[in-house]
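Below you'll find the structure, written out as structure tokens, and then a few comments.
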Amino acid sequence: MVSLYSEKMLNIISNDSLEEKLVCMFKKYGVNGYTVVQARGEGSSGQVSDMSGFDANIVVKVILPESKIQVILESIERKIKKGYHLTVYITDIKVITPEKFEKTAS
Amino acid sequence: MVSLYSEKMLNIISNDSLEEKLVCMFKKYGVNGYTVVQARGEGSSGQVSDMSGFDANIVVKVILPESKIQVILESIERKIKKGYHLTVYITDIKVITPEKFEKTAS
Amino acid sequence: MVSLYSEKMLNIISNDSLEEKLVCMFKKYGVNGYTVVQARGEGSSGQVSDMSGFDANIVVKVILPESKIQVILESIERKIKKGYHLTVYITDIKVITPEKFEKTAS
Amino acid sequence: MSLSSLLLPAVLFFALGVIAKLIKSDLRFPPDLAKVLSIYLLMAIGLHGGYELAKADIMIAFQSIIWALILGFTLPIVGYLGLVATRKVNPLDAAAISAHYGSVSAGTFLTAIAYLDNLSIQYETYPLIMLAVMESPAIVVGLILAAKARHTVAARNGATNTASKNSNEQGDFKEMLRDAFTNGSVVILIGSMIIGAIAQPSGMEKLKPFIDDIFMGVLCLFLFDMGMVAARRIGDFKKVGVMLAAFGVVMPLVGGVIGVYVGASMLDFSVGGATLVGVLGASASYIAVPPAMRLAIPEANPSFYLTLSLGITFPFNVIVGIPLYHSMAQAIVA
Amino acid sequence: MSLSSLLLPAVLFFALGVIAKLIKSDLRFPPDLAKVLSIYLLMAIGLHGGYELAKADIMIAFQSIIWALILGFTLPIVGYLGLVATRKVNPLDAAAISAHYGSVSAGTFLTAIAYLDNLSIQYETYPLIMLAVMESPAIVVGLILAAKARHTVAARNGATNTASKNSNEQGDFKEMLRDAFTNGSVVILIGSMIIGAIAQPSGMEKLKPFIDDIFMGVLCLFLFDMGMVAARRIGDFKKVGVMLAAFGVVMPLVGGVIGVYVGASMLDFSVGGATLVGVLGASASYIAVPPAMRLAIPEANPSFYLTLSLGITFPFNVIVGIPLYHSMAQAIVA
Amino acid sequence: MSLSSLLLPAVLFFALGVIAKLIKSDLRFPPDLAKVLSIYLLMAIGLHGGYELAKADIMIAFQSIIWALILGFTLPIVGYLGLVATRKVNPLDAAAISAHYGSVSAGTFLTAIAYLDNLSIQYETYPLIMLAVMESPAIVVGLILAAKARHTVAARNGATNTASKNSNEQGDFKEMLRDAFTNGSVVILIGSMIIGAIAQPSGMEKLKPFIDDIFMGVLCLFLFDMGMVAARRIGDFKKVGVMLAAFGVVMPLVGGVIGVYVGASMLDFSVGGATLVGVLGASASYIAVPPAMRLAIPEANPSFYLTLSLGITFPFNVIVGIPLYHSMAQAIVA
Ligand SMILES: Nc1ncnc2c1ncn2[C@@H]1O[C@H](COP(=O)(O)O)[C@@H](O)[C@H]1O
Ligand SMILES: Nc1ncnc2c1ncn2[C@@H]1O[C@H](COP(=O)(O)O)[C@@H](O)[C@H]1O
Ligand SMILES: Nc1ncnc2c1ncn2[C@@H]1O[C@H](COP(=O)(O)O)[C@@H](O)[C@H]1O
Ligand code: NA
Ligand code: NA
Ligand code: NA
């Protein structure tokens with residue numbers, strides 16, 4: 001019987017020009033794992049292709065302990081207020097290796 | 001303290017030849033934001049590569065208010081009954097900018 | 001009114017060199033549908049690009065009935081203990097065609 | 001029909017691709033490469049052909065187009081009747097499959113050109129227009145056959161919700177018609193032919209190294225990739241059954257004979273030209289038609305038509321068919 | 001300004017791309033292709049130019065760089081004032097849009113080279129250095145204009161959280177400056193120019209087929225792709241409004257006139273060289289500047305600047321502008 | 001060993017890639033480009049080599065293969081013993097790392113060929129067969145070393161679940177053996193060599209522009225990309241520690257000396273040929289072996305072997321190693 005532990009997954013859809021900025025933010029808050037997927041899409045700021053180097057979206061996925069969500073969300077909210085187009089959503093997930101996501105900053 | 005609001009995320013896995021049709025459907029129901037990710041996969045209709053222009057799958061992700069889910073699901077169900085291969089799933093999500101997803105058709 | 005049924009979605013983030021192994025495992029346990037998305041990322045084993053043929057990550061997504069989760073998780077846990085780098089998470093989802101995911105091995 | 005034709009680099013690379021998958025090599029080409037190569041190939045062959053066609057006889061060009069349309073409309077019906085007669089597939093699958101055989105495979109056509117070039121056999125440029133013309137009509141025939149099949153099925157089942165479906169189908173049908181004729185491959189091919197015909201010769205001269213010199217190498221790379229794609233489908237051979245698999249070999253022979261006959265007798269082409277028309281008749285689309293069928297006949301099983309066109313007919317034509325149609329053309333023209 | 005310039009294959013392929021989207025063809029190029037082609041084009045033109053520049057007059061090269069900087073810093077300010085005067089966009093949008101017009105479009109520049117080559121018109125190599133130099137300064141001016149605009153807006157709104165923002169902006173600003181000058185296109189172009197200048201001639205000789213012979217074909221393929229990208233934006237024409245759309249045509253004319261004047265009178269270039277400087281002045285960036293603006297002026301609406309630079313100015317320059325700037329150059333030089 | 005060898009365009013582009021990352025440029029090549037380029041390079045070199053080898057001496061070819069196998073099996077063991085002696089890594093990491101050094105880097109090999117071509121130095125074609133042969137054995141040795149290492153570790157830890165593991169390992173081992181010998185690079189290389197050997201000369205002639213003329217340009221683009229990839233790893237230098245980093249420089253020197261010796265004395269090759277065998281000995285795989293090790297020795301840390309092979313040994317060989325092995329070859333042959 002494999003035990004399951006609750007964590008949160010933070011997802012950010014954004015233009016790929018913001019990738020470096022987002023990764024920096026994660027590291028600042030001690031989150032060292034993330035996954036990025038290339039995407040295209042449409043939203044209030046128009047259509048975004050997935051042409052690399054021209055105009056592409058990304059989906060950034062980060063598994064986080066509940067305790068870190070708020071501080072990162074605050075940072076994201078500040079960015080959105082500055083005008084950055086970030087589509088953010090959080091899902092409840094279960095993981096089998098909680099220690100992987102709960103360790104503090106390296 | 002950033003507030004979180006409940007929304008739904010509708011995910012549709014399909015062959016990329018149906019992308020235009022799906023986007024049309026969203027717009028018809030007043031949903032103007034969506035994200036598309038390229039994928040490969042396997043299912044009842046065989047293996048699908050991710051070769052662009054030959055045979056590729058996509059995952060379409062749409063954040064929606066609960067109120068719009070049913071009408072879109074009905075449209076999807078009609079398509080599935082016609083024979084279209086759509087793998088559909090819905091997840092509960094939390095967002096920080098609910099107004100972004102609740103506005104009515106433009 | 002389209003009915004919704006509860007299923008689980010198993011997500012595995014891994015290096016793409018393990019794709020074949022993972023698909024084999026699914027088939028062994030009678031799961032014949034899955035979707036794979038190309039990704040890049042960072043974690044305890046360093047940065048992974050999304051350069052095909054060099055060093056790329058994948059996200060494998062499988063919709064499963066609750067009943068099959070445990071046996072597959074055990075198999076995954078064994079792999080992790082052997083040293084494989086697998087980032088695994090499970091989400092609760094709702095589907096409209098449960099029969100698609102509940103059939104037994106073909 | 002000398003065996004030496006099999007020693008064409010293009011054919012050998014196709015075989016290498018097949019072998020790579022049969023020995024379960026982990027070799028994988030990036031998913032976008034085949035598309036890029038096929039864009040290049042269509043563009044190059046289109047420019048080249050357009051340049052030649054600018055000097056062509058408008059009457060023969062017109063006749064070629066008419067015959068291309070006839071082939072495109074007739075072959076799927078032949079295929080459909082054959083498939084329904086086997087009683088191994090339902091009518092909707094039969095419609096979807098046969099649409100593929102009315103259309104054409106540019107990869108096979110280009111291999112045939114490499115084959116003829118290698119034997120220094122001359123050929124007319126008109127088959128190139130036919131290649132462009134034949135991409136679309138088969139899709140339309142497929143739609144019509146499917147509509148008919150659906151009515152048959154609905155009549156059998158008591159026809160409950162036919163009405164509501166029909167109104168919807170009207171709009172869909174129109175849209176699919178437009179899709180059939182604005183298909184990407186058609187746009188590249190016809191567009192490049194027009195550019196080749198109207199562009200200034202000095203401009204065309206500068207394109208020569210790109211469209212002529214490296215052409216054969218790119219074709220090899222493309223066929224290498226397609227060999228792997230085809231081989232992935234060969235494994236599904238068992239799923240489709242012996243009867244269907246046999247159709248994947250018999251149908252190109254039928255189409256090839258008809259094509260060679262049209263080329264040689266109706267259009268009065270040389271051996272080379274007749275061979276190419278034979279290849280047009282024999283080959284089955286695996287780029288334009290499958291997505292069109294996914295959209296238009298969603299009830300049909302993609303495994304069937306992909307396995308047949310890509311896993312059986314394509315390798316058959318590249319390795320066995322081309323030299324065969326060439327022999328036929330020699331026999332008829334002589 | 002003969003119409004025959006429109007019959008350049010490169011221009012025709014651009015038009016084909018536009019038409020493909022207008023007739024709603026499902027033609028789609030793989031998302032990474034344009035990037036690969038533009039890497040190749042920058043590398044080829046850089047190597048070629050570097051090789052020539054090794055023999056260049058250092059004084060003129062230096063003057064060219066100075067004038068490139070002047071153009072790069074001045075044009076966005078001209079554009080900004082013009083845009084603000086129309087009262088159709090807020091100052092931040094105006095800053096973001098005008099930054100695009102101080103920078104350049106390599107695609108347009110290369111089309112101009114194809115145009116001149118086709119007419120066998122000689123041109124100096126210095127405009128190539130200017131192309132490399134002009135990528136960055138406009139981004140910096142955009143940042144400064146945006147900072148100014150933000151202060152104006154903040155002052156109007158009562159300036160609540162300006163302080164906290166400012167400290168942050170300091171760091172960001174520095175980082176963006178670095179980004180502006182280490183921009184990918186700049187690195188490829190300048191890097192290749194240096195390599196072209198210092199590499200051994202025997203080594204360069206072996207590169208000739210790659211960088212020279214197939215160049216024109218690759219340019220055609222690139223413009224084909226970009227035609228489709230541009231056409232997708234042409235539809236947004238209505239969203240931006242007539243006034244803004246007009247700016248997308250007037251601004252390149254203004255930039256073109258200034259550029260031609262600088263090229264012909266300040267730098268004493270030939271007709272060909274002056275035409276190229278005109279194109280540098282007229283063209284708007286759609287590769288380097290948009291992501292920089294997304295980062296630096298997130299408040300601005302990307303639809304505006306993408307539609308203008310990609311959907312209006314780029315097609316305008318490729319089809320109408322280049323022959324026009326050529327005529328201007330002829331008029332001034334003569 | 002003249003400095004001028006550093007002025008090869010190929011080497012300069014590698015350096016440009018490294019510099020682009022060091023100055024933190026946002027330059028990024030599409031993720032599939034390197035793969036496409038490496039497919040092309042292997043195909044081109046294979047065809048070229050196969051064509052030559054058709055005329056080769058079967059005896060020397062056979063000896064080359066034997067020596068390639070010997071090198072492939074011996075070098076990892078040398079590396080393993082060296083690494084274990086440093087006591088800086090655990091045995092499983094040592095096994096994974098050393099497997100990379102028994103295998104080869106086609107990118108380094110091709111740079112060496114560009115280097116020799118530039119100096120107009122003749123070389124035998126046999127090293128090309130050795131390149132193909134040496135891809136696989138090192139993977140096998142890595143597996144064996146790892147199995148040994150696991151037993152040692154298990155013995156130390158009291159060996160709890162060795163039994164269950166073993167049964168599983170049997171199947172895995174077989175599968176990995178198959179993987180090692182059907183590796184994608186091997187298939188392209190050997191396949192192209194066979195095609196080059198058996199294809200009709202007239203067909204091969206048509207491939208020349210593709211496989212010969214643009215080869216050097218493609219190599220430059222590939223090394224540009226790989227320079228960036230390598231530079232991303234150079235930063236991890238600190239993570240692996242000085243001792244390991246030193247291994248990344250010493251091991252290629254050891255392998256290079258052995259390789260040159262084998263080439264010059266055992267196989268009686270010319271200076272050019274011996275240099276190439278030296279490069280085979282010195283270079284470490286970064287394409288075939290890393291994924292094989294991820295699968296076969298999951299316990300090993302990929303940061304270690306990727307940083308060493310890609311971030312240290314690859315740049316070392318391209319910039320310093322090749323001229324060095326050339327000097328050694330001159331010394332020994334003379
Ligand atoms: N409702 C939505 N559902 C899914 N993705 C969305 C949605 N709205 C926006 N997006 C994504 O977020 C990106 C930026 O959106 P926006 O900020 O609205 O321009 C779009 O390009 C889409 O990829
Ligand atoms: N159980 C599943 N889990 C995840 N994805 C699936 C599953 N079944 C099907 N799919 C995806 O849906 C596509 C179409 O499936 P199907 O309709 O079964 O042919 C496949 O190619 C997969 O990408
Ligand atoms: N916290 C995380 N959130 C999202 N993805 C992660 C996380 N940690 C690791 N990953 C992904 O899993 C891959 C392997 O991680 P690791 O096993 O930690 O090296 C990484 O390359 C990431 O793509
Ligand atoms: Na046909
Ligand atoms: Na400009
Ligand atoms: Na080695």
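Scheme for the structure tokens: letters A, B, ... for chains in order shown; per-chain residue numbers from 1; ligand numbers from 1 in order shown.
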(message) DSSP on the backbone, alpha helix (DSSP H) only: what residues of region 72-179 of chain E does that give? Format it as a PyMOL selection string.
(response) chain E and resi 72-86+91-102+106-118+126-134+137-157+162-179
(request) Please write out the residues within 9 Å of ligand 5 as an MDAnalysis selection string, counting only C-alpha atoms and all ligand atoms. (result) chainID E and resid 71:72 75:76 99:105 134:135 138 251:252 255:256 259 278:285
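For chain F, the residues having at least one atom no farther than 12 Å from chain A, when counting only C-alpha atoms, are Lys24, Ser25, Asp26, Leu27, Arg28, Phe29, Pro30, Pro31, Asp32 and Leu33 of chain F.
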(message) My list of candidates is B:Asp92, B:Asp55, B:Glu99, B:Glu7. Which is closest to chain C when distances are computed with only C-alpha atoms?
(response) B:Asp92
(message) Around ligand 2, out to 8 Å and counting only C-alpha atoms and all ligand atoms, which residues are there? I want them as a PyMOL selection string.
(response) (chain B and resi 13-15+39-48+57-58+84-87) or (chain C and resi 9+31-36+61-64+100-101)
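The residues of region 14-45 of chain B that DSSP assigns to strand (DSSP E) on this backbone come out as B:Ser14, B:Asn15, B:Tyr34, B:Thr35, B:Val36, B:Val37, B:Gln38, B:Ala39, B:Arg40, B:Gly41, B:Glu42, B:Gly43.
From CA of Gly83 (chain C) back to CA of Val2 (chain A), the distance works out to 17.2 Å.
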(message) Please report the interatomic distance between CA of Phe314 (chain D) and CA of Ser38 (chain D) in Å with one decimal.
(response) 15.3 Å
(request) Check the smallest atom-to-atom distance from each of E:Leu41, E:Ile214, E:Val11, E:Val78 to chain D using only C-alpha atoms, then report the winner. (result) E:Ile214
(request) Enumerate as a VMD selection string the residues belonging to chain D that approach chain F to within 10 Å, with only C-alpha atoms taken into account. (result) chain D and resid 4 to 13 15 to 17 19 to 21 23 to 33 114 to 115 117 to 119 209 to 210 212 to 221 224
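Residue nearest Glu102 (chain B) within the list B:Ile76, B:Ile90, B:Ile12, B:Ile69: B:Ile69 [criterion: smallest interatomic distance, only C-alpha atoms].
What separates CA of Tyr29 (chain C) from CA of Ser6 (chain A) is a distance of 25.1 Å.
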(request) Name all residues at most 7 Å from region 240-246 of chain F (count only C-alpha atoms; drop same-chain ones fewer than 3 positions away) and give them as a ChimeraX atom specification. (result) /F:236-237,249-250,304,308
(request) Extract, using only C-alpha atoms, all DNA, RNA and protein residues at most 6 Å from Tyr51 (chain F), discarding same-chain residues fewer than 3 positions from it, and format them as a PyMOL selection string. (result) chain F and resi 48+54+196-197
Those same residues - N, CA, C and O atoms - I'd like them written as a short mmCIF file (atom, residue, chain, number, x, y, z; two decimals), in the first residue's frame.
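File produced: again-v5.cif:
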```
data_model
loop_
_atom_site.label_atom_id
_atom_site.label_comp_id
_atom_site.auth_asym_id
_atom_site.auth_seq_id
_atom_site.Cartn_x
_atom_site.Cartn_y
_atom_site.Cartn_z
N HIS F 48 29.45 9.25 -47.38
CA HIS F 48 30.77 9.58 -47.87
C HIS F 48 31.75 8.44 -47.58
O HIS F 48 32.45 7.95 -48.46
N ALA F 54 33.90 1.11 -49.90
CA ALA F 54 33.63 0.07 -50.90
C ALA F 54 34.92 -0.34 -51.58
O ALA F 54 35.06 -1.47 -52.04
N GLY F 196 26.00 4.00 -48.94
CA GLY F 196 27.07 4.62 -49.72
C GLY F 196 27.89 3.60 -50.49
O GLY F 196 28.38 3.86 -51.59
N ALA F 197 28.01 2.40 -49.91
CA ALA F 197 28.82 1.36 -50.55
C ALA F 197 28.08 0.66 -51.69
O ALA F 197 28.67 0.35 -52.71
#
```
